[in-house]
Amino acid sequence: MSKPDAPQDGHSQRLWSVDEHLADVLGTVRPLEPIELQLLDAQGCVLVEDVTVPVALPPFDNSSMDGYAVRTADVQGASEEFPAVLTVIGDVAAGSGELPTVGPGQAARIMTGAPLPPGAEAVVPVEWTDGGTGGGAASGMTPASESPEGAAGEVRVHRAAEARAHVRARGSDVQAGDLALAAGTVLGPPQIALLAAIGRGTVRVRPRPRVVVLSTGSELVQPGEALAAGTIYDSNSFALAAAARDAGAIAYRVGAVADDADTLRSTIEDQLIRADLLVTTGGVSVGAYDVVKEALTAVSTGDEDVDGAGIDFRKLAMQPGKPQGFGTIGPDHTPLLALPGNPVSSYVSFELFVRPAIRALMGLPASEVSRPSVRAVLEADKAIGSPAGRRQFLRGKYDAVSGTVSPVGGAGSHLIAALAHADSLIVVPEDVTSVEPGAELEVVLLG
């Protein structure tokens, strides 16, 4: 996408739409280069190659129950009154190597997951037997360590079993040559388990992006410290670092940077070594202390000796989140998104622009970079107003059962308590200035 006219001072004078800004971000961000990682290190990463199954899973017929491996003919017609009496020839445990052969009139004690021994055709659960004790129905087996003789003697079987009963067939999960996981799969715990089960120790993936989050403002104090007059706690950097992790990134939170352009430039340069993406919050509006704009405009116009920088500060036709900055910085052209400082503006901007950038760096397809959205009916006491020409994002509570959404809190961009109780964003289009209860709107799902 070609960018709208952007003057040399690093500021765009015209109003950008939400879609234009997002397209500019996604048009600039490129997926990270693939690397080979150990399985646990690859959790949360995106697979870049198809993985096929080298060996069948399970690799041999095995028992799905603790019980006795038998021949079906030997237990045909067995009942409580007339049990089949079989000679126990030994134990077969999971991991057993050499297996006993089950002949006519014989049985082998077998544990869950153990290979089915030669000659056996089915497994009868221990609950269908007397457990080799000579009594009634057993509820479990005597541990081998406590009673080695339990692997010998006789067992009474009280029920018949069909061929292959309680036997997990070789290859019943996956066959050798099957596709285990396709390229593009995000590796979660079940996928890691499958890779381990088929013997893969490493896998080729795009790594999780490293995202550095910086908040700016001399008024910011770290949680846990005492507040002085005129100061507030820094919540934005915590919110955005947590949101970056939730999106799939490795997040690094930098303590709040004071309102000093030189300090901010130095901090950003120090962070470039560990950043695939930089996110700043605060200092992007038109105030005298909007330090991010001051510092990065100087970089963008070449007033400072930082290679490869180009940050464009622009106004978006949205509420909250009108002031935004985006570009690349440093010798590796690391993407940087400069977000507003109001808590709700910052978080909404993250969800709309930073989360998609993180997901694009991971190599996910365009259809999966943004949060899903649904249509829902507005439940409210009165009509909702919206500024003309702006796409408004209101915090909402979505009810999937009824297909409705209710506003949470007001429209103020500082109302972080309401954000904590919202699970969605209600989208009011640019050409709508009032929405009546009962109207259908787009809802972006945050959870």
# chains A, B, ... in the order shown; residues from 1 in each chain; ligands from 1

call {"tool": "residues_around", "arguments": {"residues": "Ala317 (chain A)", "least_positions_apart": "3", "cutoff": "8 Å", "atoms": "only C-alpha atoms", "output": "PyMOL selection string"}}
result
chain A and resi 15-18+322+389-391+430

call {"tool": "write_last_selection", "arguments": {"atoms": "all heavy atoms", "output": "PDB file, in the first residue's frame"}}
result
ATOM      1  N   LEU A  15      -6.018  13.096   8.031  1.00  0.00           N
ATOM      2  CA  LEU A  15      -6.571  12.084   8.936  1.00  0.00           C
ATOM      3  C   LEU A  15      -6.521  10.715   8.264  1.00  0.00           C
ATOM      4  O   LEU A  15      -7.034  10.548   7.156  1.00  0.00           O
ATOM      5  CB  LEU A  15      -8.015  12.467   9.266  1.00  0.00           C
ATOM      6  CG  LEU A  15      -8.591  11.998  10.602  1.00  0.00           C
ATOM      7  CD1 LEU A  15      -7.769  12.558  11.763  1.00  0.00           C
ATOM      8  CD2 LEU A  15     -10.039  12.449  10.723  1.00  0.00           C
ATOM      9  N   TRP A  16      -5.900   9.768   8.931  1.00  0.00           N
ATOM     10  CA  TRP A  16      -5.832   8.397   8.438  1.00  0.00           C
ATOM     11  C   TRP A  16      -7.033   7.624   8.976  1.00  0.00           C
ATOM     12  O   TRP A  16      -7.473   7.834  10.103  1.00  0.00           O
ATOM     13  CB  TRP A  16      -4.567   7.702   8.933  1.00  0.00           C
ATOM     14  CG  TRP A  16      -3.289   8.132   8.309  1.00  0.00           C
ATOM     15  CD1 TRP A  16      -2.784   9.393   8.252  1.00  0.00           C
ATOM     16  CD2 TRP A  16      -2.328   7.285   7.693  1.00  0.00           C
ATOM     17  NE1 TRP A  16      -1.570   9.397   7.638  1.00  0.00           N
ATOM     18  CE2 TRP A  16      -1.256   8.108   7.285  1.00  0.00           C
ATOM     19  CE3 TRP A  16      -2.266   5.918   7.444  1.00  0.00           C
ATOM     20  CZ2 TRP A  16      -0.137   7.595   6.633  1.00  0.00           C
ATOM     21  CZ3 TRP A  16      -1.147   5.409   6.812  1.00  0.00           C
ATOM     22  CH2 TRP A  16      -0.104   6.245   6.395  1.00  0.00           C
ATOM     23  N   SER A  17      -7.506   6.655   8.191  1.00  0.00           N
ATOM     24  CA  SER A  17      -8.517   5.743   8.696  1.00  0.00           C
ATOM     25  C   SER A  17      -7.839   4.618   9.482  1.00  0.00           C
ATOM     26  O   SER A  17      -6.632   4.377   9.341  1.00  0.00           O
ATOM     27  CB  SER A  17      -9.342   5.139   7.552  1.00  0.00           C
ATOM     28  OG  SER A  17      -8.574   4.190   6.831  1.00  0.00           O
ATOM     29  N   VAL A  18      -8.619   3.938  10.298  1.00  0.00           N
ATOM     30  CA  VAL A  18      -8.100   2.790  11.053  1.00  0.00           C
ATOM     31  C   VAL A  18      -7.543   1.741  10.102  1.00  0.00           C
ATOM     32  O   VAL A  18      -6.458   1.178  10.311  1.00  0.00           O
ATOM     33  CB  VAL A  18      -9.208   2.186  11.940  1.00  0.00           C
ATOM     34  CG1 VAL A  18      -8.752   0.876  12.567  1.00  0.00           C
ATOM     35  CG2 VAL A  18      -9.629   3.180  13.019  1.00  0.00           C
ATOM     36  N   LYS A 322      -6.655   8.645  18.815  1.00  0.00           N
ATOM     37  CA  LYS A 322      -6.437   9.475  17.629  1.00  0.00           C
ATOM     38  C   LYS A 322      -4.955   9.667  17.289  1.00  0.00           C
ATOM     39  O   LYS A 322      -4.555   9.475  16.143  1.00  0.00           O
ATOM     40  CB  LYS A 322      -7.122  10.822  17.810  1.00  0.00           C
ATOM     41  CG  LYS A 322      -6.986  11.748  16.612  1.00  0.00           C
ATOM     42  CD  LYS A 322      -7.728  13.059  16.856  1.00  0.00           C
ATOM     43  CE  LYS A 322      -7.591  14.017  15.679  1.00  0.00           C
ATOM     44  NZ  LYS A 322      -8.295  15.292  15.922  1.00  0.00           N
ATOM     45  N   GLY A 389     -17.443  11.029  11.735  1.00  0.00           N
ATOM     46  CA  GLY A 389     -16.170  10.833  11.064  1.00  0.00           C
ATOM     47  C   GLY A 389     -15.153  10.033  11.839  1.00  0.00           C
ATOM     48  O   GLY A 389     -14.021   9.867  11.390  1.00  0.00           O
ATOM     49  N   ARG A 390     -15.516   9.530  13.006  1.00  0.00           N
ATOM     50  CA  ARG A 390     -14.600   8.723  13.818  1.00  0.00           C
ATOM     51  C   ARG A 390     -15.167   7.329  14.022  1.00  0.00           C
ATOM     52  O   ARG A 390     -16.370   7.181  14.252  1.00  0.00           O
ATOM     53  CB  ARG A 390     -14.407   9.357  15.203  1.00  0.00           C
ATOM     54  CG  ARG A 390     -13.881  10.780  15.174  1.00  0.00           C
ATOM     55  CD  ARG A 390     -12.367  10.817  15.101  1.00  0.00           C
ATOM     56  NE  ARG A 390     -11.899  12.164  15.346  1.00  0.00           N
ATOM     57  CZ  ARG A 390     -11.583  12.644  16.540  1.00  0.00           C
ATOM     58  NH1 ARG A 390     -11.714  11.858  17.594  1.00  0.00           N
ATOM     59  NH2 ARG A 390     -11.164  13.872  16.678  1.00  0.00           N
ATOM     60  N   ARG A 391     -14.308   6.329  13.962  1.00  0.00           N
ATOM     61  CA  ARG A 391     -14.721   4.982  14.333  1.00  0.00           C
ATOM     62  C   ARG A 391     -14.512   4.846  15.836  1.00  0.00           C
ATOM     63  O   ARG A 391     -13.384   4.922  16.317  1.00  0.00           O
ATOM     64  CB  ARG A 391     -13.910   3.923  13.579  1.00  0.00           C
ATOM     65  CG  ARG A 391     -14.416   2.506  13.794  1.00  0.00           C
ATOM     66  CD  ARG A 391     -13.599   1.481  13.018  1.00  0.00           C
ATOM     67  NE  ARG A 391     -13.574   1.733  11.592  1.00  0.00           N
ATOM     68  CZ  ARG A 391     -12.940   0.970  10.703  1.00  0.00           C
ATOM     69  NH1 ARG A 391     -12.266  -0.108  11.122  1.00  0.00           N
ATOM     70  NH2 ARG A 391     -12.958   1.283   9.420  1.00  0.00           N
ATOM     71  N   GLU A 430     -17.735   5.078  11.365  1.00  0.00           N
ATOM     72  CA  GLU A 430     -17.448   6.496  11.196  1.00  0.00           C
ATOM     73  C   GLU A 430     -18.666   7.314  10.800  1.00  0.00           C
ATOM     74  O   GLU A 430     -18.786   8.489  11.174  1.00  0.00           O
ATOM     75  CB  GLU A 430     -16.350   6.684  10.137  1.00  0.00           C
ATOM     76  CG  GLU A 430     -14.983   6.163  10.535  1.00  0.00           C
ATOM     77  CD  GLU A 430     -14.763   4.699  10.190  1.00  0.00           C
ATOM     78  OE1 GLU A 430     -15.763   3.956  10.024  1.00  0.00           O
ATOM     79  OE2 GLU A 430     -13.596   4.287  10.092  1.00  0.00           O
TER      80      GLU A 430
END

call {"tool": "select_by_dssp", "arguments": {"residues": "region 102-158 of chain A", "states": "helix (DSSP H, G or I)", "output": "number ranges by chain"}}
result
A: 126-128, 148-151

call {"tool": "write_last_selection", "arguments": {"atoms": "C-alpha atoms", "output": "PDB file, in the first residue's frame"}}
result
ATOM      1  CA  VAL A 126      -8.775 -57.207  36.128  1.00  0.00           C
ATOM      2  CA  GLU A 127     -12.291 -56.306  37.324  1.00  0.00           C
ATOM      3  CA  TRP A 128     -13.591 -59.220  35.230  1.00  0.00           C
ATOM      4  CA  PRO A 148       5.811 -61.548  42.939  1.00  0.00           C
ATOM      5  CA  GLU A 149       3.830 -64.754  43.070  1.00  0.00           C
ATOM      6  CA  GLY A 150       0.874 -62.801  41.648  1.00  0.00           C
ATOM      7  CA  ALA A 151       2.445 -63.347  38.271  1.00  0.00           C
TER       8      ALA A 151
END

call {"tool": "residues_around", "arguments": {"residues": "Thr263 (chain A)", "least_positions_apart": "6", "cutoff": "12 Å", "atoms": "only C-alpha atoms", "output": "list in words"}}
result
Thr216, Gly217, Ser218, Ala256, Val257, Glu269, Asp270, Val291, Val292, Glu294, Ala295 and Leu296 of chain A

call {"tool": "atom_distance", "arguments": {"atom1": "CA of Thr433 (chain A)", "atom2": "CA of Arg355 (chain A)"}}
result
27.9 Å

call {"tool": "closest_residue", "arguments": {"among": "A:Gly67, A:Pro372, A:Gly140, A:Pro365", "to": "Val123 (chain A)", "atoms": "only C-alpha atoms"}}
result
A:Gly67

call {"tool": "closest_atom_pairs", "arguments": {"of": "region 267-386 of chain A", "to": "region 417-425 of chain A", "cutoff": "12 Å", "atoms": "only C-alpha atoms", "output": "JSON lines"}}
result
{"residue": "A:Gln319", "atom": "CA", "partner": "A:Leu425", "partner_atom": "CA", "distance": 11.7}
{"residue": "A:Pro320", "atom": "CA", "partner": "A:Leu425", "partner_atom": "CA", "distance": 11.4}
{"residue": "A:Pro343", "atom": "CA", "partner": "A:Leu419", "partner_atom": "CA", "distance": 9.0}
{"residue": "A:Val344", "atom": "CA", "partner": "A:Leu419", "partner_atom": "CA", "distance": 7.0}
{"residue": "A:Ser345", "atom": "CA", "partner": "A:Leu419", "partner_atom": "CA", "distance": 10.6}
{"residue": "A:Ser346", "atom": "CA", "partner": "A:Leu419", "partner_atom": "CA", "distance": 11.4}
{"residue": "A:Tyr347", "atom": "CA", "partner": "A:Leu419", "partner_atom": "CA", "distance": 8.9}
{"residue": "A:Val348", "atom": "CA", "partner": "A:Leu425", "partner_atom": "CA", "distance": 8.3}
{"residue": "A:Ser349", "atom": "CA", "partner": "A:Leu425", "partner_atom": "CA", "distance": 11.6}
{"residue": "A:Glu351", "atom": "CA", "partner": "A:Leu425", "partner_atom": "CA", "distance": 9.7}
{"residue": "A:Leu352", "atom": "CA", "partner": "A:Leu425", "partner_atom": "CA", "distance": 10.4}
{"residue": "A:Arg371", "atom": "CA", "partner": "A:Ser424", "partner_atom": "CA", "distance": 9.8}
{"residue": "A:Pro372", "atom": "CA", "partner": "A:Ser424", "partner_atom": "CA", "distance": 10.1}
{"residue": "A:Ser373", "atom": "CA", "partner": "A:Ser424", "partner_atom": "CA", "distance": 9.0}
{"residue": "A:Val374", "atom": "CA", "partner": "A:Ser424", "partner_atom": "CA", "distance": 10.1}
{"residue": "A:Arg375", "atom": "CA", "partner": "A:Leu425", "partner_atom": "CA", "distance": 11.4}
{"residue": "A:Ala376", "atom": "CA", "partner": "A:Ser424", "partner_atom": "CA", "distance": 11.0}
{"residue": "A:Leu378", "atom": "CA", "partner": "A:Leu425", "partner_atom": "CA", "distance": 11.9}

call {"tool": "write_last_selection", "arguments": {"atoms": "C-alpha atoms", "output": "CSV table (one decimal), in the first residue's frame"}}
result
chain,number,residue,atom,x,y,z
A,319,GLN,CA,-11.8,7.3,19.3
A,320,PRO,CA,-10.0,6.6,21.6
A,343,PRO,CA,-4.8,3.7,29.4
A,344,VAL,CA,-7.8,2.8,27.3
A,345,SER,CA,-6.4,4.6,24.2
A,346,SER,CA,-3.2,2.7,24.7
A,347,TYR,CA,-4.9,-0.7,25.1
A,348,VAL,CA,-7.4,-0.3,22.3
A,349,SER,CA,-4.5,0.8,20.0
A,351,GLU,CA,-5.4,-4.6,20.1
A,352,LEU,CA,-6.0,-2.9,16.8
A,371,ARG,CA,-9.0,-10.6,17.1
A,372,PRO,CA,-12.2,-12.3,15.8
A,373,SER,CA,-15.3,-10.2,15.6
A,374,VAL,CA,-19.0,-11.0,15.6
A,375,ARG,CA,-22.3,-9.1,15.1
A,376,ALA,CA,-24.3,-8.5,18.3
A,378,LEU,CA,-26.8,-3.5,21.5

call {"tool": "residues_around", "arguments": {"residues": "Gly224 (chain A)", "least_positions_apart": "2", "cutoff": "12 Å", "atoms": "only C-alpha atoms", "output": "ChimeraX atom specification"}}
result
/A:221-222,226-227,232-235

call {"tool": "residues_around", "arguments": {"residues": "Ile384 (chain A)", "least_positions_apart": "2", "cutoff": "10 Å", "atoms": "only C-alpha atoms", "output": "list of chain:residue names"}}
result
A:Leu378, A:Ala380, A:Asp381, A:Lys382, A:Ser386, A:Leu394, A:Pro407, A:Ala411, A:Val428, A:Thr433, A:Ser434, A:Val435, A:Glu436, A:Pro437

call {"tool": "atom_distance", "arguments": {"atom1": "CA of Gly27 (chain A)", "atom2": "CA of Val51 (chain A)"}}
result
29.5 Å

call {"tool": "closest_residue", "arguments": {"among": "A:Pro125, A:Pro100, A:Gly321, A:Pro189", "to": "Phe350 (chain A)", "atoms": "only C-alpha atoms"}}
result
A:Gly321

call {"tool": "residues_around", "arguments": {"residues": "Ala69 (chain A)", "least_positions_apart": "6", "cutoff": "12 Å", "atoms": "only C-alpha atoms", "output": "PyMOL selection string"}}
result
chain A and resi 61-63+75+86-93+99-112+114-126+129+155+157+161-167

call {"tool": "closest_residue", "arguments": {"among": "A:Met65, A:Gly248, A:Gly135, A:Ser79", "to": "Arg168 (chain A)", "atoms": "only C-alpha atoms"}}
result
A:Met65

call {"tool": "select_by_dssp", "arguments": {"residues": "region 263-386 of chain A", "states": "strand (DSSP E or B)", "output": "JSON, numbers by chain"}}
result
{"A": [277, 278, 279, 280, 281, 310, 311, 312, 313, 314, 315, 316, 318, 319, 323, 324, 325, 326, 327, 328, 329, 334, 335, 336, 337, 338, 339, 373, 374, 375, 376, 377, 378, 384, 385]}

call {"tool": "write_last_selection", "arguments": {"atoms": "C-alpha atoms", "output": "PDB file, in the first residue's frame"}}
result
ATOM      1  CA  LEU A 277       9.271  -4.746  17.753  1.00  0.00           C
ATOM      2  CA  LEU A 278       9.269  -1.629  19.929  1.00  0.00           C
ATOM      3  CA  VAL A 279       6.125  -0.207  21.539  1.00  0.00           C
ATOM      4  CA  THR A 280       6.029   3.137  23.315  1.00  0.00           C
ATOM      5  CA  THR A 281       3.082   4.585  25.181  1.00  0.00           C
ATOM      6  CA  GLY A 310      11.599   6.852   9.900  1.00  0.00           C
ATOM      7  CA  ILE A 311       8.748   7.448  12.338  1.00  0.00           C
ATOM      8  CA  ASP A 312       5.577   9.064  11.048  1.00  0.00           C
ATOM      9  CA  PHE A 313       3.238  10.678  13.569  1.00  0.00           C
ATOM     10  CA  ARG A 314      -0.327  10.830  12.371  1.00  0.00           C
ATOM     11  CA  LYS A 315      -3.913  11.369  13.455  1.00  0.00           C
ATOM     12  CA  LEU A 316      -6.434   8.579  13.010  1.00  0.00           C
ATOM     13  CA  MET A 318     -10.886   6.854  15.682  1.00  0.00           C
ATOM     14  CA  GLN A 319     -11.841   7.296  19.315  1.00  0.00           C
ATOM     15  CA  PRO A 323      -2.675  10.240  17.907  1.00  0.00           C
ATOM     16  CA  GLN A 324      -0.438   7.415  16.648  1.00  0.00           C
ATOM     17  CA  GLY A 325       3.107   6.963  15.466  1.00  0.00           C
ATOM     18  CA  PHE A 326       4.594   4.244  13.298  1.00  0.00           C
ATOM     19  CA  GLY A 327       7.787   3.519  11.412  1.00  0.00           C
ATOM     20  CA  THR A 328      11.099   1.739  11.672  1.00  0.00           C
ATOM     21  CA  ILE A 329      14.217   2.570  13.614  1.00  0.00           C
ATOM     22  CA  THR A 334      13.001  -2.468  13.686  1.00  0.00           C
ATOM     23  CA  PRO A 335       9.278  -1.596  13.611  1.00  0.00           C
ATOM     24  CA  LEU A 336       8.152   0.883  16.256  1.00  0.00           C
ATOM     25  CA  LEU A 337       4.575   1.700  17.192  1.00  0.00           C
ATOM     26  CA  ALA A 338       4.045   4.799  19.324  1.00  0.00           C
ATOM     27  CA  LEU A 339       0.725   4.623  21.163  1.00  0.00           C
ATOM     28  CA  SER A 373     -15.327 -10.200  15.568  1.00  0.00           C
ATOM     29  CA  VAL A 374     -19.047 -11.004  15.613  1.00  0.00           C
ATOM     30  CA  ARG A 375     -22.311  -9.146  15.099  1.00  0.00           C
ATOM     31  CA  ALA A 376     -24.315  -8.474  18.256  1.00  0.00           C
ATOM     32  CA  VAL A 377     -27.406  -6.558  19.306  1.00  0.00           C
ATOM     33  CA  LEU A 378     -26.819  -3.533  21.514  1.00  0.00           C
ATOM     34  CA  ILE A 384     -25.076   5.840  22.343  1.00  0.00           C
ATOM     35  CA  GLY A 385     -23.560   8.944  20.773  1.00  0.00           C
TER      36      GLY A 385
END

call {"tool": "atom_distance", "arguments": {"atom1": "CA of Glu36 (chain A)", "atom2": "CA of Pro190 (chain A)"}}
result
19.2 Å
